[in-house]
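Source file: my_file10.txt; contents: compact mmCIF, C-alpha atoms.
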# COMPACT_ATOMS: atom_id res chain seq x y z
CA MET A 1 -32.09 -51.43 6.21
CA LYS A 2 -29.17 -53.83 6.01
CA ILE A 3 -27.52 -55.50 3.04
CA SER A 4 -28.45 -59.18 2.71
CA SER A 5 -25.97 -62.01 2.28
CA GLU A 6 -27.17 -62.49 -1.26
CA GLN A 7 -26.49 -58.85 -2.04
CA ILE A 8 -23.00 -59.24 -0.58
CA GLN A 9 -22.40 -62.02 -3.07
CA ASN A 10 -23.67 -59.72 -5.83
CA LEU A 11 -21.19 -57.10 -4.71
CA TYR A 12 -18.36 -59.64 -4.99
CA LYS A 13 -19.52 -60.40 -8.53
CA PHE A 14 -19.70 -56.68 -9.24
CA THR A 15 -16.07 -56.13 -8.22
CA GLN A 16 -15.06 -59.14 -10.31
CA LYS A 17 -16.87 -57.68 -13.29
CA HIS A 18 -14.88 -54.49 -12.78
CA TYR A 19 -11.52 -56.23 -13.02
CA VAL A 20 -10.78 -56.81 -9.34
CA GLU A 21 -9.62 -60.42 -9.44
CA TYR A 22 -8.21 -60.73 -5.97
CA PHE A 23 -10.25 -61.81 -3.02
CA ASP A 24 -8.43 -59.64 -0.47
CA LEU A 25 -9.12 -56.48 -2.43
CA GLN A 26 -12.63 -57.57 -3.39
CA THR A 27 -13.46 -58.00 0.29
CA GLU A 28 -12.36 -54.50 1.19
CA LEU A 29 -14.28 -52.95 -1.70
CA VAL A 30 -17.40 -55.02 -1.00
CA ASP A 31 -17.49 -53.73 2.58
CA HIS A 32 -16.99 -50.18 1.32
CA LEU A 33 -19.80 -50.41 -1.24
CA ALA A 34 -22.09 -52.11 1.31
CA ASN A 35 -21.50 -49.33 3.84
CA GLY A 36 -22.18 -46.71 1.19
CA ILE A 37 -25.42 -48.39 0.09
CA GLU A 38 -26.62 -48.78 3.68
CA THR A 39 -25.95 -45.09 4.33
CA GLN A 40 -27.97 -44.20 1.23
CA TRP A 41 -30.84 -46.38 2.48
CA GLN A 42 -30.84 -44.46 5.76
CA HIS A 43 -31.56 -41.24 3.88
CA ASN A 44 -33.70 -42.74 1.15
CA PRO A 45 -35.15 -46.19 1.93
CA HIS A 46 -36.84 -46.40 -1.46
CA ILE A 47 -33.72 -46.39 -3.61
CA SER A 48 -33.07 -49.82 -5.16
CA PHE A 49 -29.93 -51.82 -4.44
CA GLU A 50 -28.78 -51.48 -8.05
CA ASP A 51 -29.24 -47.71 -8.19
CA ALA A 52 -27.53 -47.21 -4.85
CA LEU A 53 -24.62 -49.38 -6.02
CA GLU A 54 -24.30 -47.44 -9.24
CA LYS A 55 -24.16 -44.19 -7.30
CA GLU A 56 -21.57 -45.55 -4.90
CA PHE A 57 -19.39 -46.91 -7.70
CA LYS A 58 -19.38 -43.53 -9.45
CA LYS A 59 -17.56 -42.09 -6.44
CA PHE A 60 -14.49 -44.11 -7.46
CA GLY A 61 -14.14 -41.88 -10.51
CA VAL A 62 -13.94 -42.62 -14.23
CA PHE A 63 -11.31 -45.32 -13.85
CA GLY A 64 -13.40 -47.26 -11.36
CA PHE A 65 -11.34 -49.64 -9.22
CA MET A 66 -8.35 -49.53 -11.54
CA GLU A 67 -6.25 -47.13 -9.53
CA VAL A 68 -6.97 -49.05 -6.35
CA VAL A 69 -5.88 -52.32 -7.98
CA GLU A 70 -2.70 -50.79 -9.40
CA GLU A 71 -1.63 -49.25 -6.12
CA ARG A 72 -2.30 -52.52 -4.31
CA GLN A 73 -0.16 -54.34 -6.90
CA LYS A 74 2.67 -51.91 -6.27
CA ALA A 75 2.36 -52.22 -2.51
CA LEU A 76 2.38 -56.03 -2.58
CA GLY A 77 5.19 -56.06 -5.15
CA LYS A 78 7.21 -54.14 -2.62
CA LYS A 79 6.24 -56.62 0.05
CA TYR A 80 7.35 -59.50 -2.16
CA LEU A 81 10.74 -57.87 -2.68
CA GLY A 82 10.95 -57.46 1.08
CA ILE A 83 10.33 -61.20 1.52
CA ILE A 84 13.12 -62.06 -0.96
CA LYS A 85 15.48 -59.70 0.84
CA LYS A 86 14.63 -61.20 4.22
CA GLU A 87 15.11 -64.75 2.95
CA PHE A 88 18.37 -63.86 1.25
CA LEU A 89 19.79 -62.05 4.26
CA SER A 90 18.92 -65.04 6.44
CA TYR A 91 21.86 -66.82 4.77
CA PHE A 92 24.19 -64.28 6.30
CA SER A 93 23.37 -65.28 9.83
CA TRP A 94 24.93 -68.15 11.71
CA PRO A 95 24.68 -71.12 11.02
CA GLU A 96 22.95 -70.55 7.66
CA PHE A 97 26.03 -68.77 6.38
CA ILE A 98 27.80 -72.14 6.23
CA LYS A 99 25.61 -73.09 3.25
CA PHE A 100 26.40 -69.89 1.42
CA ALA A 101 30.10 -70.04 2.25
CA THR A 102 30.35 -73.70 1.24
CA LEU A 103 28.95 -73.15 -2.23
CA TRP A 104 31.08 -70.07 -2.69
CA SER A 105 34.24 -71.90 -1.57
CA VAL A 106 33.54 -74.92 -3.79
CA LEU A 107 33.00 -72.67 -6.80
CA PHE A 108 36.07 -70.65 -5.96
CA ALA A 109 38.24 -73.77 -5.58
CA GLY A 110 36.87 -75.21 -8.84
CA LEU A 111 37.59 -72.03 -10.77
CA TYR A 112 40.99 -71.72 -9.15
CA TRP A 113 42.21 -75.25 -9.92
CA VAL A 114 40.51 -76.08 -13.19
CA GLY A 115 42.43 -75.12 -16.30
CA ASN A 116 39.59 -74.38 -18.70
CA LYS A 117 37.70 -71.91 -16.53
CA GLU A 118 35.41 -70.69 -19.31
CA MET A 119 34.21 -74.25 -19.89
CA LEU A 120 33.53 -74.71 -16.19
CA VAL A 121 31.48 -71.50 -15.98
CA VAL A 122 29.45 -72.41 -19.07
CA SER A 123 28.85 -75.96 -17.81
CA LEU A 124 27.71 -74.62 -14.46
CA LEU A 125 25.33 -72.20 -16.14
CA ILE A 126 23.90 -75.02 -18.28
CA ILE A 127 23.30 -77.13 -15.17
CA ILE A 128 21.66 -74.16 -13.43
CA PHE A 129 19.51 -73.59 -16.51
CA VAL A 130 18.28 -77.19 -16.63
CA VAL A 131 17.55 -77.33 -12.90
CA MET A 132 15.80 -73.98 -13.12
CA LEU A 133 13.55 -75.15 -15.95
CA TYR A 134 12.67 -78.26 -13.98
CA MET A 135 11.83 -76.22 -10.89
CA LEU A 136 9.74 -73.74 -12.90
CA PHE A 137 7.87 -76.67 -14.40
CA LYS A 138 7.14 -78.05 -10.94
CA LEU A 139 6.05 -74.65 -9.71
CA ASN A 140 3.65 -74.35 -12.61
CA HIS A 141 2.18 -77.70 -11.63
CA THR A 142 1.67 -76.49 -8.04
CA ILE A 143 -0.07 -73.33 -9.28
CA LYS A 144 -2.46 -75.34 -11.46
CA GLN A 145 -3.28 -77.62 -8.56
CA ARG A 146 -3.91 -74.64 -6.31
CA ARG A 147 -6.28 -73.11 -8.87
CA ARG A 148 -8.22 -76.35 -9.05
CA ASN A 149 -8.64 -76.45 -5.28
CA SER A 150 -9.70 -72.85 -4.80
CA ASN A 151 -11.21 -70.22 -7.01
CA LYS A 152 -10.11 -67.38 -4.76
CA LYS A 153 -7.11 -65.46 -5.98
CA TRP A 154 -4.76 -63.70 -3.59
CA MET A 155 -2.66 -60.87 -4.85
CA LEU A 156 0.41 -61.72 -2.81
CA GLU A 157 0.16 -65.35 -3.89
CA GLN A 158 0.03 -64.17 -7.47
CA HIS A 159 3.27 -62.22 -6.94
CA ILE A 160 4.89 -65.28 -5.38
CA PHE A 161 3.81 -67.57 -8.20
CA ASN A 162 4.72 -65.06 -10.89
CA LEU A 163 8.10 -64.63 -9.22
CA GLY A 164 7.41 -60.90 -9.06
CA GLY A 165 7.31 -60.80 -12.87
CA VAL A 166 11.07 -61.14 -13.21
CA VAL A 167 11.27 -64.58 -14.86
CA ARG A 168 12.74 -62.94 -17.95
CA GLY A 169 15.42 -61.28 -15.82
CA MET A 170 16.42 -64.62 -14.34
CA PHE A 171 17.81 -65.71 -17.69
CA ILE A 172 20.08 -62.70 -18.10
CA PRO A 173 23.07 -64.21 -16.26
CA LEU A 174 22.70 -67.33 -18.42
CA GLU A 175 22.65 -65.27 -21.59
CA LEU A 176 25.69 -63.33 -20.44
CA GLY A 177 27.54 -66.56 -19.68
CA ALA A 178 26.78 -67.85 -23.15
CA GLN A 179 28.71 -64.95 -24.66
CA LEU A 180 32.08 -66.66 -24.51
CA ARG A 181 33.84 -63.63 -25.94
CA LEU A 182 32.99 -61.85 -22.72
CA PHE A 183 35.63 -63.92 -20.96
CA GLU A 184 38.33 -62.56 -23.23
CA LEU A 185 37.78 -59.19 -21.63
CA PHE A 186 39.30 -60.16 -18.35
CA SER A 187 42.13 -62.28 -17.06
CA TRP A 188 41.47 -64.90 -14.39
CA SER A 189 43.09 -63.25 -11.41
CA VAL A 190 42.20 -64.30 -7.85
CA LEU A 191 40.01 -61.24 -7.66
CA THR A 192 38.12 -62.23 -10.82
CA ILE A 193 37.66 -65.78 -9.54
CA THR A 194 36.38 -64.45 -6.22
CA PHE A 195 33.93 -62.18 -8.00
CA VAL A 196 32.67 -64.78 -10.52
CA SER A 197 32.23 -67.46 -7.85
CA LEU A 198 30.42 -64.99 -5.59
CA ALA A 199 28.14 -63.86 -8.43
CA ILE A 200 27.19 -67.44 -9.30
CA THR A 201 26.58 -68.23 -5.63
CA ILE A 202 24.27 -65.23 -5.20
CA TYR A 203 22.47 -66.16 -8.42
CA VAL A 204 21.91 -69.76 -7.31
CA PHE A 205 20.65 -68.69 -3.88
CA LEU A 206 18.26 -66.10 -5.36
CA LEU A 207 16.85 -68.66 -7.79
CA TYR A 208 16.44 -71.19 -5.00
CA ILE A 209 14.68 -68.64 -2.77
CA MET A 210 12.33 -67.36 -5.48
CA ILE A 211 11.46 -70.58 -7.28
CA TYR A 212 11.49 -73.03 -4.42
CA LYS A 213 11.66 -71.61 -0.91
CA ILE A 214 9.12 -68.77 -1.02
CA PRO A 215 6.47 -70.65 -3.07
CA LYS A 216 6.84 -73.54 -0.64
CA LYS A 217 6.27 -71.16 2.25
CA ALA A 218 3.52 -69.26 0.40
CA ARG A 219 0.95 -70.45 2.90
CA VAL A 220 2.98 -69.02 5.79
CA TYR A 221 3.37 -65.67 4.07
CA LEU A 222 -0.29 -65.57 3.12
CA THR A 223 -1.37 -66.27 6.68
CA GLU A 224 0.98 -63.54 7.81
CA THR A 225 -0.49 -61.06 5.34
CA TYR A 226 -4.10 -62.08 5.68
CA PRO A 227 -4.24 -63.54 9.20
CA GLU A 228 -7.98 -63.24 9.62
CA TYR A 229 -9.07 -64.67 6.29
CA ASN A 230 -9.68 -68.30 5.79
CA TYR A 231 -7.65 -68.23 2.63
CA SER A 232 -7.55 -71.89 1.72
CA MET B 1 -13.52 -26.14 -3.83
CA GLY B 2 -12.56 -28.57 -1.14
CA ASN B 3 -10.74 -31.08 -3.28
CA SER B 4 -7.90 -29.09 -4.75
CA LYS B 5 -4.33 -30.22 -5.16
CA LEU B 6 -3.51 -28.57 -1.86
CA TYR B 7 -5.48 -31.21 -0.03
CA LYS B 8 -4.19 -34.13 -2.09
CA GLY B 9 -0.66 -33.60 -0.82
CA SER B 10 -1.89 -33.85 2.73
CA LEU B 11 -4.06 -36.96 2.35
CA ASN B 12 -1.57 -39.29 4.02
CA THR B 13 -1.13 -36.94 6.95
CA ILE B 14 -4.89 -36.64 7.34
CA ILE B 15 -5.24 -40.44 7.44
CA LEU B 16 -2.42 -40.83 9.95
CA LYS B 17 -3.83 -38.10 12.18
CA LEU B 18 -7.29 -39.71 12.18
CA LEU B 19 -5.85 -43.10 13.07
CA GLU B 20 -3.81 -41.57 15.85
CA LYS B 21 -7.03 -40.32 17.42
CA ASN B 22 -9.22 -43.32 16.73
CA ASP B 23 -7.11 -46.42 17.31
CA LYS B 24 -8.57 -48.38 14.38
CA MET B 25 -10.73 -47.38 11.42
CA TYR B 26 -11.96 -48.84 8.14
CA GLY B 27 -11.93 -47.13 4.76
CA TYR B 28 -15.54 -46.01 4.59
CA GLU B 29 -15.37 -44.72 8.15
CA ILE B 30 -12.39 -42.53 7.23
CA THR B 31 -14.18 -40.92 4.29
CA GLN B 32 -17.22 -40.23 6.47
CA ARG B 33 -15.20 -38.88 9.39
CA VAL B 34 -13.32 -36.44 7.16
CA LYS B 35 -16.58 -35.24 5.66
CA GLU B 36 -18.03 -34.82 9.13
CA LEU B 37 -15.01 -32.98 10.57
CA THR B 38 -14.75 -30.56 7.66
CA LYS B 39 -18.54 -30.17 7.49
CA GLY B 40 -18.62 -31.56 3.97
CA GLU B 41 -15.98 -29.11 2.80
CA LEU B 42 -13.46 -31.84 2.08
CA GLU B 43 -14.50 -35.13 0.54
CA ILE B 44 -11.88 -37.83 0.23
CA THR B 45 -12.49 -39.71 -2.99
CA GLU B 46 -12.52 -43.48 -2.78
CA GLY B 47 -10.18 -43.72 -5.73
CA ALA B 48 -7.55 -41.83 -3.73
CA LEU B 49 -8.19 -43.19 -0.25
CA TYR B 50 -7.51 -46.89 -0.80
CA PRO B 51 -4.30 -46.41 -2.77
CA ALA B 52 -3.10 -44.13 0.04
CA LEU B 53 -4.03 -46.67 2.71
CA HIS B 54 -2.31 -49.52 0.85
CA LYS B 55 0.79 -47.43 0.37
CA LEU B 56 1.00 -46.56 4.05
CA GLU B 57 0.45 -50.25 4.85
CA SER B 58 3.31 -51.30 2.56
CA GLU B 59 5.56 -48.70 4.15
CA GLY B 60 4.93 -50.41 7.47
CA LEU B 61 3.13 -47.42 8.97
CA LEU B 62 -0.21 -49.20 9.20
CA ASP B 63 -1.26 -52.59 10.44
CA VAL B 64 -4.34 -54.45 9.27
CA GLU B 65 -7.01 -56.40 11.08
CA VAL B 66 -9.93 -58.15 9.41
CA VAL B 67 -13.09 -58.63 11.46
CA LYS B 68 -16.39 -60.21 10.54
CA VAL B 69 -19.16 -57.62 10.88
CA ASP B 70 -22.77 -58.62 10.12
CA ASN B 71 -22.56 -60.76 7.00
CA ARG B 72 -19.31 -59.40 5.63
CA MET B 73 -15.67 -58.92 6.44
CA ARG B 74 -14.27 -55.54 7.38
CA LYS B 75 -10.65 -54.48 7.10
CA TYR B 76 -9.48 -52.17 9.87
CA TYR B 77 -6.32 -50.10 9.77
CA LYS B 78 -4.33 -49.00 12.78
CA LEU B 79 -1.00 -47.31 13.37
CA THR B 80 2.12 -49.36 13.94
CA GLN B 81 4.88 -48.17 16.25
CA LYS B 82 6.67 -46.78 13.23
CA GLY B 83 3.43 -45.17 12.09
CA THR B 84 2.99 -43.35 15.39
CA THR B 85 6.45 -41.82 15.16
CA GLU B 86 5.93 -40.92 11.52
CA THR B 87 2.59 -39.25 12.32
CA ALA B 88 4.32 -36.90 14.77
CA ASN B 89 6.97 -36.06 12.15
CA ARG B 90 4.47 -35.41 9.40
CA LEU B 91 2.24 -33.29 11.60
CA ALA B 92 5.21 -31.16 12.61
CA GLU B 93 6.12 -30.80 8.96
CA LEU B 94 2.57 -29.82 8.04
CA GLU B 95 2.40 -27.27 10.86
CA ALA B 96 5.65 -25.69 9.72
CA PHE B 97 4.28 -25.58 6.18
CA ILE B 98 1.08 -23.86 7.32
CA ARG B 99 3.10 -21.33 9.35
CA ASN B 100 5.32 -20.53 6.39
CA MET B 101 2.40 -20.22 4.03
CA GLU B 102 0.76 -17.83 6.45
CA HIS B 103 3.87 -15.66 6.44
CA LEU B 104 4.00 -15.69 2.66
CA VAL B 105 0.33 -15.16 1.94
CA ASN B 106 -0.50 -12.87 4.78
CA PRO B 107 2.70 -11.14 5.93
CA LYS B 108 2.45 -8.94 8.95
CA TRP B 109 4.41 -5.80 8.15
CA SER B 110 5.91 -3.84 10.94
CA ILE B 111 8.24 -0.83 11.01
CA ASP B 112 10.35 -1.48 14.02
Written as structure tokens, that's how I'd like the structure from this file.
Amino acid sequence: MKISSEQIQNLYKFTQKHYVEYFDLQTELVDHLANGIETQWQHNPHISFEDALEKEFKKFGVFGFMEVVEERQKALGKKYLGIIKKEFLSYFSWPEFIKFATLWSVLFAGLYWVGNKEMLVVSLLIIIFVVMLYMLFKLNHTIKQRRRNSNKKWMLEQHIFNLGGVVRGMFIPLELGAQLRLFELFSWSVLTITFVSLAITIYVFLLYIMIYKIPKKARVYLTETYPEYNYS
Amino acid sequence: MGNSKLYKGSLNTIILKLLEKNDKMYGYEITQRVKELTKGELEITEGALYPALHKLESEGLLDVEVVKVDNRMRKYYKLTQKGTTETANRLAELEAFIRNMEHLVNPKWSID
């Protein structure tokens, strides 16, 4: 006896009911449960679909699918970090490095020539903050649109849209910059200027990659991760 | 008795070894194959298998392929190049472990 298409849909609902929100993981678990139920039917054709499902689900232990979901989260979180790293390192290859070097040089020159360096750093951070808020707002809009078009959730997409859950961390450099007293701790030597301009450059590039570049390429990364699914 | 902590530590190696022999496999198939090979002595629990598979996938040791079978989609796992090398390493490690355990648990005394 084989599982019907309607029963497959029921299995999808079953995984949803047990806190598996993501289509990629649901699909894998649905196939697993379906195989288990079909095997049971081979030995005992009279067992009902519901009973067989219950029996199969019990094999996942008391926590049900929870452990599976958590481990998948961790694995895809790692993948997301890998994507950021790859995108970031791409700026250290020719000719992309020109972009990185240009921003760094401009910031370095600015900090070197301007008298009130603290003011310049704070102004830069304020500009970054405003642009960042605007970009986050736009990203939020894209996510809402995506949810309207499709009810399927993809775990990697969720990581991309949640920015790996580090939104809070993105504000840390801004908060640090706002502590003007911090600047009294060091003198503005060439080394300090080099370091501060480099830090701001890295910060700007990371923000750009996470808030703009990767979400824009989300489709590419999703196709790469789930090549055989029609994920739209 | 077949599901003690001793086995848990070797789950990844068991998965890699199976995939080395079978080219590509899906989750349910792995649980069944292990049961079959160990004559029901060792049962891989579902709650442990998928996390292990996903971890190996994220480490780049496994590659994934999704195929439509009957009226559903099936996710197959297979070894990557890196996975093949790692399988050899882990098997060697496991063999050394078994050898050492044998010496410790069942030492052969001799008086020469």
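Distance cut-off 12 Å, centre (9.2, -74.0, -5.2), atoms counted all atoms listed in the file; the residues meeting this are Val131, Met132, Leu133, Tyr134, Met135, Leu136, Phe137, Lys138, Leu139, Asn140, His141, Thr142, Ile143, Ile160, Phe161, Asn162, Leu163, Leu207, Tyr208, Ile209, Met210, Ile211, Tyr212, Lys213, Ile214, Pro215, Lys216, Lys217 and Ala218 of chain A.
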Find the residues in chain A near chain B: any atom within 7 Å counts, using only C-alpha atoms. Write them as a compact mmCIF listing (two decimals) with C-alpha atoms, in the coordinates of the input.
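Below is the file that was written, out.txt:
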# COMPACT_ATOMS: atom_id res chain seq x y z
CA SER A 5 -25.97 -62.01 2.28
CA THR A 27 -13.46 -58.00 0.29
CA GLU A 28 -12.36 -54.50 1.19
CA ASP A 31 -17.49 -53.73 2.58
CA HIS A 32 -16.99 -50.18 1.32
CA ASN A 35 -21.50 -49.33 3.84
CA LYS A 59 -17.56 -42.09 -6.44
CA PHE A 60 -14.49 -44.11 -7.46
CA GLY A 61 -14.14 -41.88 -10.51
CA PHE A 65 -11.34 -49.64 -9.22
CA GLU A 67 -6.25 -47.13 -9.53
CA VAL A 68 -6.97 -49.05 -6.35
CA GLU A 71 -1.63 -49.25 -6.12
CA ARG A 72 -2.30 -52.52 -4.31
CA ALA A 75 2.36 -52.22 -2.51
CA LYS A 79 6.24 -56.62 0.05
CA GLU A 228 -7.98 -63.24 9.62
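Across the model, the gap from CA of Lys78 (chain B) to CA of Phe57 (chain A) is 25.5 Å.
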Show me, as a ChimeraX atom specification, the residues that have an atom within 9 Å of Gly36 (chain A) when counting all atoms listed in the file, minus same-chain residues fewer than 2 positions from it. /A:31-34,38-41,52-53,56 /B:28
Under the rule that only C-alpha atoms are counted, which of B:Arg99, B:Lys39, B:Lys17, B:Lys24 is the nearest residue to Glu86 (chain B)?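 When distances to Glu86 (chain B) are compared using only C-alpha atoms, the smallest one comes from B:Lys17.
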Counting only C-alpha atoms, select every polymer residue within 12 Å of (3.9, -61.0, -13.2) as defined in the file's coordinates, and provide the selection as a PDB file with C-alpha atoms, in the coordinates of the input.
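That gives us result-v2.pdb:
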ATOM      1  CA  GLN A  73      -0.160 -54.340  -6.900  1.00  0.00           C
ATOM      2  CA  LYS A  74       2.670 -51.910  -6.270  1.00  0.00           C
ATOM      3  CA  LEU A  76       2.380 -56.030  -2.580  1.00  0.00           C
ATOM      4  CA  GLY A  77       5.190 -56.060  -5.150  1.00  0.00           C
ATOM      5  CA  TYR A  80       7.350 -59.500  -2.160  1.00  0.00           C
ATOM      6  CA  MET A 155      -2.660 -60.870  -4.850  1.00  0.00           C
ATOM      7  CA  LEU A 156       0.410 -61.720  -2.810  1.00  0.00           C
ATOM      8  CA  GLU A 157       0.160 -65.350  -3.890  1.00  0.00           C
ATOM      9  CA  GLN A 158       0.030 -64.170  -7.470  1.00  0.00           C
ATOM     10  CA  HIS A 159       3.270 -62.220  -6.940  1.00  0.00           C
ATOM     11  CA  ILE A 160       4.890 -65.280  -5.380  1.00  0.00           C
ATOM     12  CA  PHE A 161       3.810 -67.570  -8.200  1.00  0.00           C
ATOM     13  CA  ASN A 162       4.720 -65.060 -10.890  1.00  0.00           C
ATOM     14  CA  LEU A 163       8.100 -64.630  -9.220  1.00  0.00           C
ATOM     15  CA  GLY A 164       7.410 -60.900  -9.060  1.00  0.00           C
ATOM     16  CA  GLY A 165       7.310 -60.800 -12.870  1.00  0.00           C
ATOM     17  CA  VAL A 166      11.070 -61.140 -13.210  1.00  0.00           C
ATOM     18  CA  VAL A 167      11.270 -64.580 -14.860  1.00  0.00           C
ATOM     19  CA  ARG A 168      12.740 -62.940 -17.950  1.00  0.00           C
ATOM     20  CA  GLY A 169      15.420 -61.280 -15.820  1.00  0.00           C
TER      21      GLY A 169
END
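Counting from CA of Met25 (chain B), the distance to CA of Asp24 (chain A) is 17.2 Å.
The interatomic distance for the pair CA of Glu175 (chain A) and CA of Leu125 (chain A) works out to 9.2 Å.
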Keeping N, CA and C atoms, write region 35-58 of chain A of the structure just shown out as a compact mmCIF listing (two decimals), in the first residue's frame.
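Contents of result09.txt, as written:
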# COMPACT_ATOMS: atom_id res chain seq x y z
N ASN A 35 7.80 6.90 4.43
CA ASN A 35 8.50 5.62 4.29
C ASN A 35 8.19 4.70 5.46
N GLY A 36 8.21 5.28 6.66
CA GLY A 36 7.96 4.51 7.87
C GLY A 36 6.55 3.92 7.86
N ILE A 37 5.58 4.75 7.46
CA ILE A 37 4.19 4.29 7.43
C ILE A 37 4.01 3.18 6.38
N GLU A 38 4.62 3.37 5.22
CA GLU A 38 4.51 2.36 4.17
C GLU A 38 5.13 1.03 4.61
N THR A 39 6.24 1.11 5.35
CA THR A 39 6.87 -0.12 5.85
C THR A 39 5.92 -0.82 6.84
N GLN A 40 5.29 0.00 7.69
CA GLN A 40 4.34 -0.59 8.65
C GLN A 40 3.20 -1.29 7.92
N TRP A 41 2.72 -0.68 6.84
CA TRP A 41 1.61 -1.25 6.06
C TRP A 41 2.00 -2.59 5.43
N GLN A 42 3.30 -2.71 5.10
CA GLN A 42 3.75 -3.98 4.52
C GLN A 42 3.58 -5.12 5.52
N HIS A 43 3.86 -4.82 6.79
CA HIS A 43 3.75 -5.86 7.82
C HIS A 43 2.33 -5.99 8.35
N ASN A 44 1.62 -4.87 8.38
CA ASN A 44 0.27 -4.88 8.93
C ASN A 44 -0.64 -3.94 8.13
N PRO A 45 -1.24 -4.48 7.06
CA PRO A 45 -2.03 -3.63 6.15
C PRO A 45 -3.27 -3.02 6.80
N HIS A 46 -3.64 -3.52 7.97
CA HIS A 46 -4.87 -3.02 8.58
C HIS A 46 -4.69 -1.81 9.48
N ILE A 47 -3.45 -1.47 9.78
CA ILE A 47 -3.22 -0.33 10.67
C ILE A 47 -3.61 0.97 9.95
N SER A 48 -4.30 1.87 10.67
CA SER A 48 -4.77 3.11 10.02
C SER A 48 -3.60 4.08 9.83
N PHE A 49 -3.79 5.00 8.92
CA PHE A 49 -2.77 6.01 8.63
C PHE A 49 -2.38 6.77 9.91
N GLU A 50 -3.41 7.16 10.65
CA GLU A 50 -3.17 7.95 11.87
C GLU A 50 -2.36 7.17 12.90
N ASP A 51 -2.73 5.92 13.12
CA ASP A 51 -2.02 5.11 14.11
C ASP A 51 -0.57 4.88 13.69
N ALA A 52 -0.41 4.59 12.40
CA ALA A 52 0.95 4.33 11.89
C ALA A 52 1.81 5.59 12.04
N LEU A 53 1.19 6.74 11.78
CA LEU A 53 1.92 8.01 11.89
C LEU A 53 2.33 8.25 13.34
N GLU A 54 1.40 8.02 14.24
CA GLU A 54 1.68 8.20 15.66
C GLU A 54 2.88 7.36 16.09
N LYS A 55 2.88 6.13 15.62
CA LYS A 55 3.94 5.18 15.98
C LYS A 55 5.28 5.67 15.42
N GLU A 56 5.23 6.16 14.21
CA GLU A 56 6.46 6.62 13.53
C GLU A 56 7.01 7.87 14.22
N PHE A 57 6.10 8.75 14.61
CA PHE A 57 6.51 10.01 15.25
C PHE A 57 7.17 9.73 16.60
N LYS A 58 6.67 8.73 17.30
CA LYS A 58 7.22 8.39 18.63
C LYS A 58 8.70 8.05 18.54
